[in-house]
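A.B. asks: What follows is start-v4.txt; its format and atoms are compact mmCIF, C-alpha atoms.
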```txt
# COMPACT_ATOMS: atom_id res chain seq x y z
CA MET A 1 0.00 0.00 0.00
CA LEU A 2 1.24 3.45 -0.95
CA THR A 3 -0.25 6.49 0.78
CA ILE A 4 0.43 9.93 -0.66
CA LYS A 5 -0.46 12.91 1.52
CA SER A 6 -0.44 16.31 -0.12
CA PHE A 7 -0.05 19.73 1.47
CA HIS A 8 -1.27 22.65 -0.60
CA MET A 9 0.80 25.83 -0.70
CA GLN A 10 -1.20 29.05 -1.06
CA SER A 11 1.84 31.35 -1.16
CA VAL A 12 5.53 30.91 -1.98
CA GLU A 13 8.51 33.17 -1.39
CA THR A 14 12.27 32.89 -1.03
CA GLY A 15 14.24 33.38 2.16
CA LYS A 16 17.47 32.56 3.96
CA LYS A 17 15.95 29.56 5.73
CA ALA A 18 13.55 26.93 4.43
CA ALA A 19 10.14 26.77 6.08
CA ILE A 20 6.60 25.48 5.61
CA GLU A 21 3.98 27.14 7.77
CA GLN A 22 0.19 27.35 7.38
CA GLY A 23 0.08 27.00 3.61
CA LYS A 24 3.14 29.19 3.05
CA LEU A 25 6.42 27.90 1.58
CA ILE A 26 9.69 29.73 2.10
CA PHE A 27 12.19 28.33 -0.38
CA PRO A 28 15.87 28.69 0.60
CA LEU A 29 18.23 30.91 -1.36
CA GLU A 30 21.12 28.69 -0.27
CA PRO A 31 21.57 24.92 -0.83
CA LYS A 32 21.91 22.35 1.93
CA THR A 33 24.96 22.95 4.11
CA ASP A 34 27.10 20.05 2.83
CA TYR A 35 26.78 21.04 -0.84
CA LEU A 36 29.88 22.38 -2.61
CA LEU A 37 29.45 24.49 -5.74
CA PRO A 38 31.37 22.94 -8.70
CA GLU A 39 34.15 25.04 -10.22
CA THR A 40 32.36 24.95 -13.58
CA PHE A 41 29.43 26.95 -12.14
CA GLU A 42 29.36 30.75 -12.34
CA LYS A 43 26.21 31.15 -10.23
CA ILE A 44 22.86 29.65 -9.27
CA SER A 45 19.87 31.98 -9.20
CA VAL A 46 16.58 31.25 -7.39
CA GLN A 47 13.36 33.19 -7.93
CA VAL A 48 9.65 32.63 -7.42
CA ILE A 49 7.43 33.03 -10.48
CA PRO A 50 3.79 33.65 -9.45
CA PRO A 51 0.95 32.37 -11.66
CA ASN A 52 0.24 35.80 -13.15
CA ALA A 53 3.84 36.66 -14.09
CA ARG A 54 5.07 33.88 -16.38
CA HIS A 55 6.18 36.06 -19.28
CA VAL A 56 9.80 35.87 -18.15
CA GLU A 57 12.86 34.98 -20.22
CA ILE A 58 14.58 31.73 -19.28
CA HIS A 59 17.43 29.47 -20.32
CA SER A 60 16.58 26.07 -21.80
CA ILE A 61 14.34 23.95 -19.55
CA MET A 62 16.15 20.98 -18.05
CA ASP A 63 13.38 19.68 -15.79
CA ILE A 64 10.16 20.43 -13.92
CA VAL A 65 10.29 18.81 -10.49
CA PRO A 66 7.57 18.13 -7.89
CA ILE A 67 8.60 18.49 -4.25
CA SER A 68 8.02 15.15 -2.52
CA THR A 69 9.69 13.07 0.18
CA LYS A 70 9.52 9.59 1.66
CA VAL A 71 8.24 9.53 5.23
CA LEU A 72 7.83 5.81 5.77
CA GLY A 73 8.80 2.75 3.74
CA ASP A 74 10.56 2.31 0.42
CA CYS A 75 9.71 3.58 -3.03
CA GLY A 76 6.27 2.34 -4.02
CA ASN A 77 5.00 1.61 -0.52
CA GLY A 78 4.57 3.31 2.85
CA VAL A 79 3.91 7.03 3.13
CA THR A 80 4.99 9.90 0.87
CA HIS A 81 4.41 13.60 1.54
CA THR A 82 4.18 16.01 -1.39
CA LEU A 83 3.51 19.70 -1.95
CA THR A 84 0.82 20.93 -4.32
CA GLY A 85 0.46 24.42 -5.70
CA VAL A 86 4.17 24.66 -6.47
CA TYR A 87 6.76 23.12 -8.81
CA VAL A 88 10.50 23.61 -9.29
CA LEU A 89 11.71 24.64 -12.76
CA VAL A 90 15.39 23.93 -13.56
CA THR A 91 17.07 25.78 -16.44
CA GLY A 92 20.66 26.08 -17.57
CA GLY A 93 23.12 27.69 -19.95
CA ASP A 94 26.65 29.10 -20.09
CA GLN A 95 28.18 32.57 -20.20
CA MET A 96 28.55 32.36 -23.98
CA GLY A 97 24.81 32.02 -24.41
CA ARG A 98 24.81 28.30 -25.21
CA GLN A 99 21.85 26.39 -23.82
CA MET A 100 22.08 23.19 -21.78
CA HIS A 101 20.26 20.83 -24.11
CA GLU A 102 20.91 18.01 -26.55
CA PHE A 103 18.33 17.61 -29.34
CA GLY A 104 16.51 20.91 -28.97
CA SER A 105 16.56 23.91 -26.68
CA SER A 106 13.59 25.65 -25.09
CA GLU A 107 15.01 29.02 -24.12
CA GLY A 108 12.76 32.02 -24.49
CA TYR A 109 9.70 33.25 -22.63
CA LEU A 110 8.37 30.72 -20.14
CA ASP A 111 4.69 31.22 -21.00
CA GLU A 112 5.50 30.56 -24.67
CA LYS A 113 7.54 27.41 -24.05
CA VAL A 114 5.35 25.43 -21.63
CA ILE A 115 1.77 24.22 -21.98
CA PHE A 116 0.51 24.51 -18.42
CA GLY A 117 -2.09 22.28 -16.82
CA ARG A 118 -0.86 19.07 -18.47
CA ALA A 119 0.57 15.94 -16.86
CA GLY A 120 4.07 16.87 -15.67
CA THR A 121 3.65 20.65 -15.97
CA PRO A 122 2.49 23.24 -13.41
CA GLY A 123 -1.19 24.11 -13.30
CA GLU A 124 -2.50 27.51 -14.31
CA ASN A 125 -2.57 28.68 -10.67
CA ASP A 126 0.63 27.02 -9.42
CA PHE A 127 3.71 28.88 -8.22
CA ILE A 128 6.99 28.09 -9.96
CA ILE A 129 10.35 28.13 -8.20
CA HIS A 130 12.88 28.88 -10.91
CA ILE A 131 16.40 27.56 -10.33
CA ASP A 132 18.74 28.80 -13.08
CA ILE A 133 22.30 27.50 -13.35
CA LEU A 134 24.85 29.56 -15.26
CA LEU A 135 28.08 27.82 -16.28
CA LYS A 136 31.46 29.57 -16.55
CA GLY A 137 32.80 30.30 -20.03
CA ALA A 138 31.97 27.65 -22.61
CA PRO A 139 32.56 24.25 -21.02
CA VAL A 140 32.26 20.98 -22.89
CA PHE A 141 28.77 19.63 -22.30
CA THR A 142 29.23 16.19 -20.79
CA ARG A 143 27.05 13.69 -19.00
CA SER A 144 28.74 14.42 -15.66
CA LEU A 145 28.34 18.18 -16.11
CA ALA A 146 24.63 17.82 -16.84
CA PHE A 147 24.14 15.54 -13.84
CA SER A 148 25.98 17.99 -11.57
CA MET A 149 23.37 20.59 -12.49
CA PHE A 150 20.53 18.26 -11.49
CA GLN A 151 22.36 17.55 -8.23
CA ALA A 152 22.72 21.30 -7.63
CA SER A 153 18.99 21.92 -7.98
CA ASP A 154 18.32 18.96 -5.69
CA ALA A 155 20.57 20.52 -3.03
CA PHE A 156 18.15 23.46 -2.87
CA ILE A 157 15.06 21.22 -2.74
CA GLN A 158 16.33 18.87 -0.01
CA PRO A 159 15.93 21.32 2.93
CA ILE A 160 12.23 21.56 2.02
CA ARG A 161 11.97 17.76 1.86
CA ASP A 162 13.55 17.49 5.31
CA ILE A 163 10.85 19.76 6.73
CA LEU A 164 8.11 17.99 4.78
CA LYS A 165 9.10 14.67 6.37
CA MET A 166 8.29 16.02 9.82
CA ILE A 167 4.89 17.56 9.08
CA ASN A 168 1.99 15.89 10.86
CA GLY A 169 0.20 13.82 8.24
CA LYS A 170 -3.16 14.58 9.88
CA THR A 171 -2.89 18.15 8.59
CA ALA A 172 -2.66 17.05 4.95
CA THR A 173 -4.90 18.80 2.43
CA GLU A 174 -5.55 15.51 0.64
CA ARG A 175 -4.83 11.82 1.15
CA HIS A 176 -4.74 9.15 -1.53
CA ASP A 177 -4.29 5.41 -0.85
CA PHE A 178 -3.02 3.16 -3.62
CA PRO A 179 -3.26 -0.60 -2.93
CA ASP A 180 -0.56 -2.91 -4.25
CA PRO A 181 -1.55 -3.30 -7.91
CA THR A 182 0.78 -6.24 -8.57
CA ARG A 183 -1.82 -8.66 -7.18
CA LYS A 184 -4.38 -10.00 -9.63
CA PRO A 185 -7.68 -8.23 -8.75
CA ASN A 186 -10.98 -10.11 -9.04
CA GLY A 187 -9.57 -12.61 -11.48
CA LYS A 188 -8.87 -9.93 -14.08
CA GLU A 189 -5.76 -10.01 -16.23
CA ARG A 190 -2.83 -7.80 -15.32
CA ILE A 191 -1.52 -5.47 -18.00
CA ALA A 192 2.13 -4.59 -18.58
CA LEU A 193 3.03 -1.19 -19.98
CA VAL A 194 6.29 -1.09 -21.90
CA LYS A 195 7.92 2.34 -21.73
CA LEU A 196 11.04 3.16 -23.74
CA VAL A 197 13.22 5.77 -22.05
CA ALA A 198 16.31 7.50 -23.35
CA GLY A 199 19.82 6.36 -22.52
CA GLN A 200 22.32 7.96 -24.89
CA GLY A 201 24.42 10.06 -22.53
CA ALA A 202 24.87 13.80 -21.94
CA MET A 203 21.35 15.23 -21.57
CA TYR A 204 19.70 11.94 -22.57
CA ASP A 205 19.70 9.92 -19.35
CA ASN A 206 17.31 8.61 -16.71
CA LEU A 207 17.75 7.88 -13.02
CA LEU A 208 16.03 4.93 -11.37
CA PHE A 209 15.17 4.63 -7.69
CA PRO A 210 16.70 7.82 -6.28
CA SER A 211 16.59 8.06 -2.48
CA GLU A 212 13.86 10.71 -2.68
CA PRO A 213 10.86 10.77 -5.06
CA SER A 214 11.97 12.47 -8.29
CA GLY A 215 15.32 13.19 -6.61
CA ALA A 216 18.86 13.20 -7.98
CA GLU A 217 20.82 11.27 -5.36
CA ASP A 218 21.64 7.58 -4.86
CA GLY A 219 19.83 6.34 -7.95
CA PHE A 220 20.93 4.14 -10.84
CA SER A 221 21.38 5.50 -14.35
CA ASN A 222 19.84 3.31 -17.03
CA ILE A 223 23.00 4.00 -19.05
CA ASP A 224 25.10 2.49 -16.25
CA LEU A 225 22.70 -0.46 -16.30
CA ALA A 226 23.53 -0.89 -20.01
CA ASN A 227 19.96 0.10 -20.90
CA MET A 228 18.72 -3.28 -19.78
CA PRO A 229 14.96 -3.67 -19.10
CA VAL A 230 13.85 -2.74 -15.58
CA VAL A 231 10.49 -3.77 -14.11
CA LEU A 232 8.67 -1.11 -12.09
CA SER A 233 5.37 -1.56 -10.31
CA PRO A 234 2.69 1.09 -10.90
CA ASN A 235 3.15 2.34 -7.34
CA GLU A 236 6.93 2.65 -7.77
CA TYR A 237 6.38 4.68 -10.92
CA ARG A 238 3.74 6.77 -9.12
CA ASP A 239 6.14 7.30 -6.22
CA GLY A 240 8.89 8.91 -8.30
CA ALA A 241 11.08 5.87 -9.08
CA LEU A 242 11.97 7.26 -12.51
CA ARG A 243 13.66 10.65 -12.83
CA SER A 244 14.08 11.88 -16.36
CA LEU A 245 17.37 13.72 -16.92
CA THR A 246 16.58 15.04 -20.39
```
Let's see the structure in the file written out as structure tokens.
C.D. replies:
Amino acid sequence: MLTIKSFHMQSVETGKKAAIEQGKLIFPLEPKTDYLLPETFEKISVQVIPPNARHVEIHSIMDIVPISTKVLGDCGNGVTHTLTGVYVLVTGGDQMGRQMHEFGSSEGYLDEKVIFGRAGTPGENDFIIHIDILLKGAPVFTRSLAFSMFQASDAFIQPIRDILKMINGKTATERHDFPDPTRKPNGKERIALVKLVAGQGAMYDNLLFPSEPSGAEDGFSNIDLANMPVVLSPNEYRDGALRSLT
């Protein structure tokens, strides 16, 4: 059984210290204390984009990340806490104006590059926390460089996850229970969904089973697994077992 408890954020702002209090999220301007900025980075900028101010210029979109954390159990079972009303947007480029992408960049005005209200994108009324990573000079775009940028954004998200773990689940805005779907229900046939994910290196990579839902730490790259088939249960997939790094 997987239980997902959501906590809706009605306002979001940045601050020196992470906090969640009565529907208000304060997102930290500094990463977790043990994070060291790579020498290839010029700076990391953090800003809150409210729903009515999305006509802002951005570097190429690297990812849109929900903020979730495991409270009890492993991926696909136990209890997960998640925030609604807010997503993290990760973008990147270098000082020469090159965009961090592989087969197509998405730099430009945010409201012209994203279709909101779809699966995997913020809703029309959601806040967006924009983390932009600017690289020094014109570095060679490598797989390790791209992954270091995902790790950097995760270092800003983790302090929020740590707080989210400790929130009393009884105060959740919503609760959803998902029984183990691997058992054959009522004699009906089980259905397998085959999903092909990218594994070509650089910006075309995927991370399996990170330590936090949709996180960037302690997972396994499908490239490092030689792109061999991996079986995920529906609840593992629902619980953030697959993090796309494209």
A.B. asks: Could you tell me which of A:Leu135, A:Val71, A:Ala216, A:Val140 comes closest to Gln158 (chain A) if we count only C-alpha atoms?
C.D. replies: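 Using only C-alpha atoms, Gln158 (chain A) sits closest to A:Ala216.
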A.B. asks: When you look at Ala119 (chain A) with a cut-off of 12 Å (counting only C-alpha atoms), what residues show up, excluding the ones that are within fewer than 5 positions of it in the same chain? I need them as a PyMOL selection string.
C.D. replies: chain A and resi 64-66+114
A.B. asks: Work out how far CA of Asn168 (chain A) is from CA of Ile20 (chain A), in Å to one decimal.
C.D. replies: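 So the two atoms, CA of Ile20 (chain A) and CA of Asn168 (chain A), lie 11.9 Å apart.
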A.B. asks: Kindly give the distance, in Å, that separates CA of Asp239 (chain A) and CA of Met62 (chain A), rounded to a single decimal.
C.D. replies: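 Interatomic distance, CA of Asp239 (chain A) to CA of Met62 (chain A): 20.7 Å.
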A.B. asks: Taking only residues of region 78-172 of chain A that have an atom at most 10 Å from an atom of region 33-57 of chain A, what is each one's shortest atom pair and its distance in Å to one decimal, using all atoms listed in the file, in chain and number order, as a Markdown table?
C.D. replies:
```
| residue | atom | partner | partner_atom | distance |
| --- | --- | --- | --- | --- |
| A:Gly85 | CA | A:Pro51 | CA | 9.9 |
| A:Val86 | CA | A:Pro50 | CA | 9.5 |
| A:Val88 | CA | A:Val48 | CA | 9.3 |
| A:Leu89 | CA | A:Ile49 | CA | 9.7 |
| A:Val90 | CA | A:Val46 | CA | 9.6 |
| A:Thr91 | CA | A:Ser45 | CA | 9.9 |
| A:Gly92 | CA | A:Ile44 | CA | 9.3 |
| A:Asp94 | CA | A:Glu42 | CA | 8.4 |
| A:Gln95 | CA | A:Glu42 | CA | 8.2 |
| A:Glu107 | CA | A:Glu57 | CA | 7.4 |
| A:Gly108 | CA | A:Glu57 | CA | 5.2 |
| A:Tyr109 | CA | A:Glu57 | CA | 4.3 |
| A:Leu110 | CA | A:Val56 | CA | 5.7 |
| A:Asp111 | CA | A:Arg54 | CA | 5.3 |
| A:Glu112 | CA | A:His55 | CA | 7.7 |
| A:Lys113 | CA | A:His55 | CA | 10.0 |
| A:Val114 | CA | A:Arg54 | CA | 10.0 |
| A:Pro122 | CA | A:Pro51 | CA | 9.4 |
| A:Gly123 | CA | A:Pro51 | CA | 8.7 |
| A:Glu124 | CA | A:Pro51 | CA | 6.5 |
| A:Asn125 | CA | A:Pro51 | CA | 5.2 |
| A:Asp126 | CA | A:Pro51 | CA | 5.8 |
| A:Phe127 | CA | A:Pro50 | CA | 4.9 |
| A:Ile128 | CA | A:Ile49 | CA | 5.0 |
| A:Ile129 | CA | A:Val48 | CA | 4.6 |
| A:His130 | CA | A:Gln47 | CA | 5.3 |
| A:Ile131 | CA | A:Val46 | CA | 4.7 |
| A:Asp132 | CA | A:Ser45 | CA | 5.1 |
| A:Ile133 | CA | A:Ile44 | CA | 4.6 |
| A:Leu134 | CA | A:Lys43 | CA | 5.4 |
| A:Leu135 | CA | A:Phe41 | CA | 4.4 |
| A:Lys136 | CA | A:Glu42 | CA | 4.9 |
| A:Gly137 | CA | A:Thr40 | CA | 8.4 |
| A:Ala138 | CA | A:Thr40 | CA | 9.4 |
| A:Pro139 | CA | A:Thr40 | CA | 7.5 |
| A:Leu145 | CA | A:Thr40 | CA | 8.3 |
| A:Ser148 | CA | A:Pro38 | CA | 7.9 |
| A:Met149 | CA | A:Phe41 | CA | 8.8 |
| A:Gln151 | CA | A:Tyr35 | CA | 9.3 |
| A:Ala152 | CA | A:Leu37 | CA | 7.7 |
| A:Ser153 | CA | A:Ile44 | CA | 8.7 |
| A:Asp154 | CA | A:Tyr35 | CA | 10.0 |
| A:Ala155 | CA | A:Tyr35 | CA | 6.6 |
| A:Phe156 | CA | A:Val46 | CA | 9.1 |
| A:Pro159 | CA | A:Thr33 | CA | 9.3 |
```
A.B. asks: At what distance in Å, to one decimal, does CA of Ile160 (chain A) lie from CA of Gln22 (chain A)?
C.D. replies: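 That distance, rounded to one decimal, is 14.4 Å.
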A.B. asks: Using all atoms listed in the file, find the one residue out of A:Glu212, A:Glu236, A:Asp180, A:Asp218 that sits nearest to Lys165 (chain A).
C.D. replies: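 For Lys165 (chain A), the nearest of the given residues is A:Glu212.
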A.B. asks: Pick from A:Phe7, A:Phe27, A:Phe209, A:Tyr204: nearest to Ser144 (chain A), with all atoms listed in the file counted?
C.D. replies: A:Tyr204
A.B. asks: Under the rule that only C-alpha atoms are counted, which of A:Pro229, A:Gly240, A:Pro213, A:Gly120 is the nearest residue to Lys70 (chain A)?
C.D. replies: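 Closest to Lys70 (chain A), using only C-alpha atoms: A:Pro213.
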A.B. asks: Do you know which residues are at most 9 Å from Phe178 (chain A) counting all atoms listed in the file, after dropping those on the same chain fewer than 3 positions away, and could you put them as a list of chain:residue names?
C.D. replies: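 Contacts, with the query itself left out: A:Met1, A:Leu2, A:Thr3, A:Ile4, A:Asn77, A:Pro181, A:Asn235.
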A.B. asks: Which is closer to Val79 (chain A) than all the others in A:Ser11, A:Thr173, A:Ser6, A:Thr142, using only C-alpha atoms?
C.D. replies: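 Of the candidates, the smallest distance to Val79 (chain A) is held by A:Ser6.
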A.B. asks: When you count all atoms listed in the file, which of these residues is closest to Gly215 (chain A): A:Glu30, A:Asp63, A:Glu21, A:Glu13?
C.D. replies: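 Comparing A:Glu30, A:Asp63, A:Glu21, A:Glu13 against Gly215 (chain A), the winner is A:Asp63.
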A.B. asks: Write out N, CA, C and O atoms for region 146-172 of chain A, as an mmCIF file, keeping the file's coordinate frame.
C.D. replies:
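The resulting file, out_6.cif, is reproduced below:
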```cif
data_model
loop_
_atom_site.group_PDB
_atom_site.id
_atom_site.type_symbol
_atom_site.label_atom_id
_atom_site.label_comp_id
_atom_site.auth_asym_id
_atom_site.auth_seq_id
_atom_site.Cartn_x
_atom_site.Cartn_y
_atom_site.Cartn_z
ATOM 1 N N ALA A 146 26.090 17.717 -16.894
ATOM 2 C CA ALA A 146 24.630 17.820 -16.840
ATOM 3 C C ALA A 146 24.105 17.279 -15.517
ATOM 4 O O ALA A 146 23.259 17.906 -14.875
ATOM 5 N N PHE A 147 24.630 16.137 -15.074
ATOM 6 C CA PHE A 147 24.140 15.540 -13.840
ATOM 7 C C PHE A 147 24.468 16.425 -12.636
ATOM 8 O O PHE A 147 23.686 16.511 -11.681
ATOM 9 N N SER A 148 25.623 17.100 -12.673
ATOM 10 C CA SER A 148 25.980 17.990 -11.570
ATOM 11 C C SER A 148 24.985 19.136 -11.435
ATOM 12 O O SER A 148 24.754 19.656 -10.339
ATOM 13 N N MET A 149 24.369 19.528 -12.533
ATOM 14 C CA MET A 149 23.370 20.590 -12.490
ATOM 15 C C MET A 149 22.068 20.092 -11.873
ATOM 16 O O MET A 149 21.410 20.812 -11.122
ATOM 17 N N PHE A 150 21.707 18.846 -12.151
ATOM 18 C CA PHE A 150 20.530 18.260 -11.490
ATOM 19 C C PHE A 150 20.797 18.096 -9.994
ATOM 20 O O PHE A 150 19.908 18.324 -9.166
ATOM 21 N N GLN A 151 22.010 17.693 -9.644
ATOM 22 C CA GLN A 151 22.360 17.550 -8.230
ATOM 23 C C GLN A 151 22.304 18.906 -7.519
ATOM 24 O O GLN A 151 21.890 18.994 -6.359
ATOM 25 N N ALA A 152 22.736 19.965 -8.218
ATOM 26 C CA ALA A 152 22.720 21.300 -7.630
ATOM 27 C C ALA A 152 21.296 21.737 -7.305
ATOM 28 O O ALA A 152 21.008 22.240 -6.208
ATOM 29 N N SER A 153 20.383 21.535 -8.236
ATOM 30 C CA SER A 153 18.990 21.920 -7.980
ATOM 31 C C SER A 153 18.417 21.091 -6.835
ATOM 32 O O SER A 153 17.652 21.594 -6.009
ATOM 33 N N ASP A 154 18.807 19.824 -6.751
ATOM 34 C CA ASP A 154 18.320 18.960 -5.690
ATOM 35 C C ASP A 154 18.831 19.416 -4.321
ATOM 36 O O ASP A 154 18.151 19.234 -3.305
ATOM 37 N N ALA A 155 20.015 20.028 -4.293
ATOM 38 C CA ALA A 155 20.570 20.520 -3.030
ATOM 39 C C ALA A 155 19.749 21.676 -2.464
ATOM 40 O O ALA A 155 19.755 21.917 -1.249
ATOM 41 N N PHE A 156 19.040 22.390 -3.328
ATOM 42 C CA PHE A 156 18.150 23.460 -2.870
ATOM 43 C C PHE A 156 16.802 22.883 -2.415
ATOM 44 O O PHE A 156 16.167 23.420 -1.505
ATOM 45 N N ILE A 157 16.356 21.813 -3.072
ATOM 46 C CA ILE A 157 15.060 21.220 -2.740
ATOM 47 C C ILE A 157 15.115 20.419 -1.440
ATOM 48 O O ILE A 157 14.136 20.392 -0.688
ATOM 49 N N GLN A 158 16.261 19.786 -1.143
ATOM 50 C CA GLN A 158 16.330 18.870 -0.010
ATOM 51 C C GLN A 158 15.960 19.498 1.336
ATOM 52 O O GLN A 158 15.298 18.850 2.150
ATOM 53 N N PRO A 159 16.364 20.735 1.649
ATOM 54 C CA PRO A 159 15.930 21.320 2.930
ATOM 55 C C PRO A 159 14.407 21.381 3.079
ATOM 56 O O PRO A 159 13.888 21.235 4.189
ATOM 57 N N ILE A 160 13.693 21.568 1.964
ATOM 58 C CA ILE A 160 12.230 21.560 2.020
ATOM 59 C C ILE A 160 11.749 20.132 2.277
ATOM 60 O O ILE A 160 10.824 19.908 3.071
ATOM 61 N N ARG A 161 12.354 19.162 1.611
ATOM 62 C CA ARG A 161 11.970 17.760 1.860
ATOM 63 C C ARG A 161 12.163 17.380 3.322
ATOM 64 O O ARG A 161 11.339 16.671 3.909
ATOM 65 N N ASP A 162 13.274 17.831 3.908
ATOM 66 C CA ASP A 162 13.550 17.490 5.310
ATOM 67 C C ASP A 162 12.459 18.016 6.245
ATOM 68 O O ASP A 162 12.104 17.361 7.221
ATOM 69 N N ILE A 163 11.946 19.203 5.939
ATOM 70 C CA ILE A 163 10.850 19.760 6.730
ATOM 71 C C ILE A 163 9.556 19.000 6.460
ATOM 72 O O ILE A 163 8.783 18.686 7.374
ATOM 73 N N LEU A 164 9.330 18.671 5.192
ATOM 74 C CA LEU A 164 8.110 17.990 4.780
ATOM 75 C C LEU A 164 7.982 16.616 5.439
ATOM 76 O O LEU A 164 6.874 16.149 5.720
ATOM 77 N N LYS A 165 9.124 15.973 5.702
ATOM 78 C CA LYS A 165 9.100 14.670 6.370
ATOM 79 C C LYS A 165 8.475 14.752 7.765
ATOM 80 O O LYS A 165 7.846 13.806 8.232
ATOM 81 N N MET A 166 8.676 15.883 8.419
ATOM 82 C CA MET A 166 8.290 16.020 9.820
ATOM 83 C C MET A 166 6.893 16.593 10.030
ATOM 84 O O MET A 166 6.420 16.689 11.154
ATOM 85 N N ILE A 167 6.229 16.984 8.950
ATOM 86 C CA ILE A 167 4.890 17.560 9.080
ATOM 87 C C ILE A 167 3.896 16.477 9.505
ATOM 88 O O ILE A 167 3.931 15.350 8.995
ATOM 89 N N ASN A 168 3.020 16.814 10.403
ATOM 90 C CA ASN A 168 1.990 15.890 10.860
ATOM 91 C C ASN A 168 1.051 15.535 9.704
ATOM 92 O O ASN A 168 0.408 16.407 9.116
ATOM 93 N N GLY A 169 1.007 14.249 9.360
ATOM 94 C CA GLY A 169 0.200 13.820 8.240
ATOM 95 C C GLY A 169 -1.283 14.101 8.403
ATOM 96 O O GLY A 169 -2.028 14.164 7.411
ATOM 97 N N LYS A 170 -1.746 14.294 9.638
ATOM 98 C CA LYS A 170 -3.160 14.580 9.880
ATOM 99 C C LYS A 170 -3.573 15.951 9.348
ATOM 100 O O LYS A 170 -4.761 16.230 9.199
ATOM 101 N N THR A 171 -2.584 16.804 9.092
ATOM 102 C CA THR A 171 -2.890 18.150 8.590
ATOM 103 C C THR A 171 -2.877 18.217 7.065
ATOM 104 O O THR A 171 -2.976 19.301 6.489
ATOM 105 N N ALA A 172 -2.739 17.072 6.405
ATOM 106 C CA ALA A 172 -2.660 17.050 4.950
ATOM 107 C C ALA A 172 -3.929 17.608 4.312
ATOM 108 O O ALA A 172 -5.044 17.414 4.821
#
```
